[in-house]
Amino acid sequence: MNDPINELLNIEIRELREEDIEALSRIESESFSMPWSAKDFRDLLTREYCMYLTALAEGEVAGCCGMTKLCGEGNIDNVVVAERFRNKGIAGAMLRELIAKGEKAGITAFTLEVRVSNAAAVHVYEKLGFLSEGIRPKFYEKPVEDALIMWRRRQ
């Protein structure tokens, strides 16, 4: 990708690999109250209907994002960036790459859920063309919270 932020921070975005999994499970446990395990990430490697990307910053695993593909739509299941790499454009860069790969694979619409209180993530998604189209009451646990349902559809 020729994103100026990526070049400035020396960010590489590539497909999820086995060697990324332990670092990603640590990032998950530091970021979420109900983190994905290493086994959860390993399982993704065997599913053809899943597409997951890893971001490396200066060669270090900095985060990942991914989606499940179904009937021409992509459900973005997970976006996580290690705390020390946040607010540097990594989540947006990963999502732009994921969307581009998804569109190349024939996906015409992308959806995701995000905690209603996560203003920073909502802002990133809105910059990428996602619109809030509803609420899933009590979608999240630990703590219980509603989720915004956001969609990005091809115009």
# chains A, B, ... in the order shown; residues from 1 in each chain; ligands from 1
>>> select_by_dssp(residues="stretch 9-153 of chain A", states="strand (DSSP E)", output="PyMOL selection string")
chain A and resi 11-15+50-57+60-70+73-81+109-115+131-140+145-153
>>> residues_around(residues="A:Val61", least_positions_apart="4", cutoff="12 Å", atoms="only C-alpha atoms", output="number ranges by chain")
A: 11-28, 53-57, 80-85, 90
>>> residues_around(residues="stretch 139-143 of chain A", least_positions_apart="3", cutoff="10 Å", atoms="only C-alpha atoms", output="list in words")
Phe32, Ser33, Met34, Glu113, Val114, Arg115, Val116, Ile135, Arg136, Asp146, Ala147 and Leu148 of chain A
>>> write_last_selection(atoms="N, CA and C atoms", output="mmCIF file, in the first residue's frame")
data_model
loop_
_atom_site.group_PDB
_atom_site.id
_atom_site.type_symbol
_atom_site.label_atom_id
_atom_site.label_comp_id
_atom_site.auth_asym_id
_atom_site.auth_seq_id
_atom_site.Cartn_x
_atom_site.Cartn_y
_atom_site.Cartn_z
ATOM 1 N N PHE A 32 -9.223 -6.184 25.304
ATOM 2 C CA PHE A 32 -10.642 -6.504 25.410
ATOM 3 C C PHE A 32 -10.969 -7.285 26.672
ATOM 4 N N SER A 33 -12.176 -7.099 27.173
ATOM 5 C CA SER A 33 -12.624 -7.835 28.361
ATOM 6 C C SER A 33 -12.949 -9.287 28.038
ATOM 7 N N MET A 34 -13.235 -9.581 26.783
ATOM 8 C CA MET A 34 -13.501 -10.958 26.350
ATOM 9 C C MET A 34 -12.643 -11.242 25.116
ATOM 10 N N GLU A 113 -20.063 -4.410 14.152
ATOM 11 C CA GLU A 113 -20.634 -3.864 15.377
ATOM 12 C C GLU A 113 -19.516 -3.217 16.159
ATOM 13 N N VAL A 114 -19.850 -2.145 16.870
ATOM 14 C CA VAL A 114 -18.878 -1.434 17.694
ATOM 15 C C VAL A 114 -19.598 -0.920 18.931
ATOM 16 N N ARG A 115 -18.920 -0.951 20.071
ATOM 17 C CA ARG A 115 -19.516 -0.423 21.297
ATOM 18 C C ARG A 115 -19.951 1.027 21.077
ATOM 19 N N VAL A 116 -21.140 1.365 21.569
ATOM 20 C CA VAL A 116 -21.634 2.738 21.393
ATOM 21 C C VAL A 116 -20.701 3.751 22.055
ATOM 22 N N ILE A 135 -28.996 -0.271 16.268
ATOM 23 C CA ILE A 135 -28.412 -0.625 17.562
ATOM 24 C C ILE A 135 -28.729 -2.093 17.852
ATOM 25 N N ARG A 136 -27.738 -2.813 18.370
ATOM 26 C CA ARG A 136 -27.976 -4.153 18.910
ATOM 27 C C ARG A 136 -27.939 -3.998 20.434
ATOM 28 N N ASP A 146 -24.656 -1.651 24.525
ATOM 29 C CA ASP A 146 -25.231 -1.737 23.181
ATOM 30 C C ASP A 146 -24.132 -1.603 22.133
ATOM 31 N N ALA A 147 -24.426 -2.111 20.945
ATOM 32 C CA ALA A 147 -23.513 -1.974 19.809
ATOM 33 C C ALA A 147 -24.189 -1.172 18.720
ATOM 34 N N LEU A 148 -23.417 -0.292 18.087
ATOM 35 C CA LEU A 148 -23.870 0.332 16.846
ATOM 36 C C LEU A 148 -23.664 -0.692 15.737
#
>>> closest_residue(among="A:Val122, A:Leu112, A:Leu131, A:Cys65", to="A:Arg96", atoms="only C-alpha atoms")
A:Cys65
>>> residues_around(residues="A:Lys69", least_positions_apart="4", cutoff="8 Å", atoms="only C-alpha atoms", output="CSV table (one decimal) with C-alpha atoms, in the first residue's frame")
chain,number,residue,atom,x,y,z
A,49,TYR,CA,-14.5,-17.8,4.2
A,50,CYS,CA,-12.4,-15.7,6.6
A,51,MET,CA,-9.9,-13.0,5.6
A,73,GLU,CA,-21.1,-9.4,2.3
A,74,GLY,CA,-18.2,-9.0,4.7
A,75,ASN,CA,-18.8,-9.0,8.4
A,107,ILE,CA,-17.8,-8.3,-1.6
>>> closest_residue(among="A:Cys71, A:Ala38, A:Ala121, A:Leu128", to="A:Ile99", atoms="only C-alpha atoms")
A:Leu128
>>> atom_distance(atom1="atom CA of A:Ile149", atom2="atom CA of A:Phe130")
9.5 Å
>>> select_by_dssp(residues="stretch 7-111 of chain A", states="alpha helix (DSSP H)", output="tab-separated table (two decimals) with N, CA and C atoms, in the first residue's frame")
chain	number	residue	atom	x	y	z
A	7	GLU	N	4.33	4.51	5.25
A	7	GLU	CA	5.73	4.73	4.92
A	7	GLU	C	6.45	5.44	6.06
A	8	LEU	N	5.79	6.41	6.69
A	8	LEU	CA	6.38	7.16	7.79
A	8	LEU	C	6.67	6.25	8.98
A	9	LEU	N	5.73	5.36	9.30
A	9	LEU	CA	5.88	4.49	10.46
A	9	LEU	C	6.47	3.13	10.13
A	21	ILE	N	0.23	-15.30	15.80
A	21	ILE	CA	-0.88	-15.62	16.70
A	21	ILE	C	-0.59	-15.35	18.16
A	22	GLU	N	0.55	-15.73	18.66
A	22	GLU	CA	0.83	-15.51	20.10
A	22	GLU	C	0.83	-14.02	20.42
A	23	ALA	N	1.45	-13.22	19.59
A	23	ALA	CA	1.46	-11.77	19.82
A	23	ALA	C	0.05	-11.20	19.75
A	24	LEU	N	-0.73	-11.66	18.78
A	24	LEU	CA	-2.10	-11.15	18.66
A	24	LEU	C	-2.96	-11.54	19.85
A	25	SER	N	-2.78	-12.75	20.37
A	25	SER	CA	-3.59	-13.13	21.53
A	25	SER	C	-3.20	-12.29	22.75
A	26	ARG	N	-1.94	-11.90	22.86
A	26	ARG	CA	-1.53	-10.98	23.96
A	26	ARG	C	-2.17	-9.61	23.77
A	27	ILE	N	-2.14	-9.10	22.53
A	27	ILE	CA	-2.75	-7.79	22.25
A	27	ILE	C	-4.24	-7.84	22.57
A	28	GLU	N	-4.90	-8.92	22.18
A	28	GLU	CA	-6.33	-9.10	22.48
A	28	GLU	C	-6.58	-9.04	23.98
A	29	SER	N	-5.78	-9.78	24.75
A	29	SER	CA	-6.01	-9.85	26.20
A	29	SER	C	-5.75	-8.51	26.88
A	30	GLU	N	-4.88	-7.70	26.29
A	30	GLU	CA	-4.61	-6.37	26.84
A	30	GLU	C	-5.66	-5.35	26.41
A	31	SER	N	-6.44	-5.68	25.37
A	31	SER	CA	-7.36	-4.72	24.77
A	31	SER	C	-8.83	-4.94	25.09
A	38	ALA	N	-5.51	-17.70	21.41
A	38	ALA	CA	-4.62	-18.14	20.32
A	38	ALA	C	-5.34	-19.19	19.47
A	39	LYS	N	-6.10	-20.08	20.11
A	39	LYS	CA	-6.85	-21.10	19.36
A	39	LYS	C	-7.85	-20.45	18.42
A	40	ASP	N	-8.53	-19.38	18.87
A	40	ASP	CA	-9.49	-18.68	18.01
A	40	ASP	C	-8.79	-18.17	16.74
A	41	PHE	N	-7.61	-17.59	16.90
A	41	PHE	CA	-6.87	-17.09	15.75
A	41	PHE	C	-6.40	-18.24	14.86
A	42	ARG	N	-5.91	-19.32	15.47
A	42	ARG	CA	-5.46	-20.48	14.68
A	42	ARG	C	-6.59	-21.03	13.82
A	43	ASP	N	-7.79	-21.09	14.41
A	43	ASP	CA	-8.94	-21.61	13.67
A	43	ASP	C	-9.21	-20.79	12.40
A	44	LEU	N	-8.94	-19.48	12.45
A	44	LEU	CA	-9.17	-18.63	11.28
A	44	LEU	C	-8.33	-19.05	10.08
A	90	ILE	N	-2.98	2.99	12.05
A	90	ILE	CA	-2.83	1.56	11.72
A	90	ILE	C	-4.17	0.90	11.49
A	91	ALA	N	-5.15	1.15	12.35
A	91	ALA	CA	-6.47	0.52	12.17
A	91	ALA	C	-7.07	0.92	10.83
A	92	GLY	N	-7.01	2.20	10.50
A	92	GLY	CA	-7.54	2.66	9.22
A	92	GLY	C	-6.82	2.04	8.04
A	93	ALA	N	-5.50	1.93	8.13
A	93	ALA	CA	-4.72	1.34	7.04
A	93	ALA	C	-5.08	-0.14	6.87
A	94	MET	N	-5.21	-0.86	7.98
A	94	MET	CA	-5.59	-2.28	7.89
A	94	MET	C	-6.97	-2.42	7.26
A	95	LEU	N	-7.91	-1.60	7.70
A	95	LEU	CA	-9.28	-1.69	7.19
A	95	LEU	C	-9.36	-1.31	5.72
A	96	ARG	N	-8.62	-0.30	5.29
A	96	ARG	CA	-8.61	0.05	3.86
A	96	ARG	C	-8.12	-1.13	3.03
A	97	GLU	N	-7.07	-1.79	3.50
A	97	GLU	CA	-6.53	-2.95	2.79
A	97	GLU	C	-7.54	-4.11	2.81
A	98	LEU	N	-8.18	-4.34	3.94
A	98	LEU	CA	-9.17	-5.41	4.05
A	98	LEU	C	-10.35	-5.16	3.11
A	99	ILE	N	-10.83	-3.93	3.07
A	99	ILE	CA	-11.94	-3.58	2.19
A	99	ILE	C	-11.53	-3.75	0.72
A	100	ALA	N	-10.34	-3.30	0.37
A	100	ALA	CA	-9.87	-3.45	-1.01
A	100	ALA	C	-9.78	-4.92	-1.40
A	101	LYS	N	-9.24	-5.75	-0.54
A	101	LYS	CA	-9.15	-7.18	-0.82
A	101	LYS	C	-10.54	-7.80	-0.89
A	102	GLY	N	-11.44	-7.36	-0.02
A	102	GLY	CA	-12.80	-7.87	-0.04
A	102	GLY	C	-13.52	-7.51	-1.33
A	103	GLU	N	-13.39	-6.26	-1.75
A	103	GLU	CA	-14.02	-5.83	-2.99
A	103	GLU	C	-13.46	-6.61	-4.19
A	104	LYS	N	-12.17	-6.85	-4.17
A	104	LYS	CA	-11.55	-7.64	-5.24
A	104	LYS	C	-12.11	-9.06	-5.27
>>> atom_distance(atom1="atom CA of A:Val144", atom2="atom CA of A:Ser117")
11.3 Å
>>> atom_distance(atom1="atom CA of A:Trp151", atom2="atom CA of A:Met67")
13.2 Å
>>> closest_residue(among="A:Val124, A:Ala105, A:Asn10, A:Trp36", to="A:Glu60", atoms="only C-alpha atoms")
A:Asn10
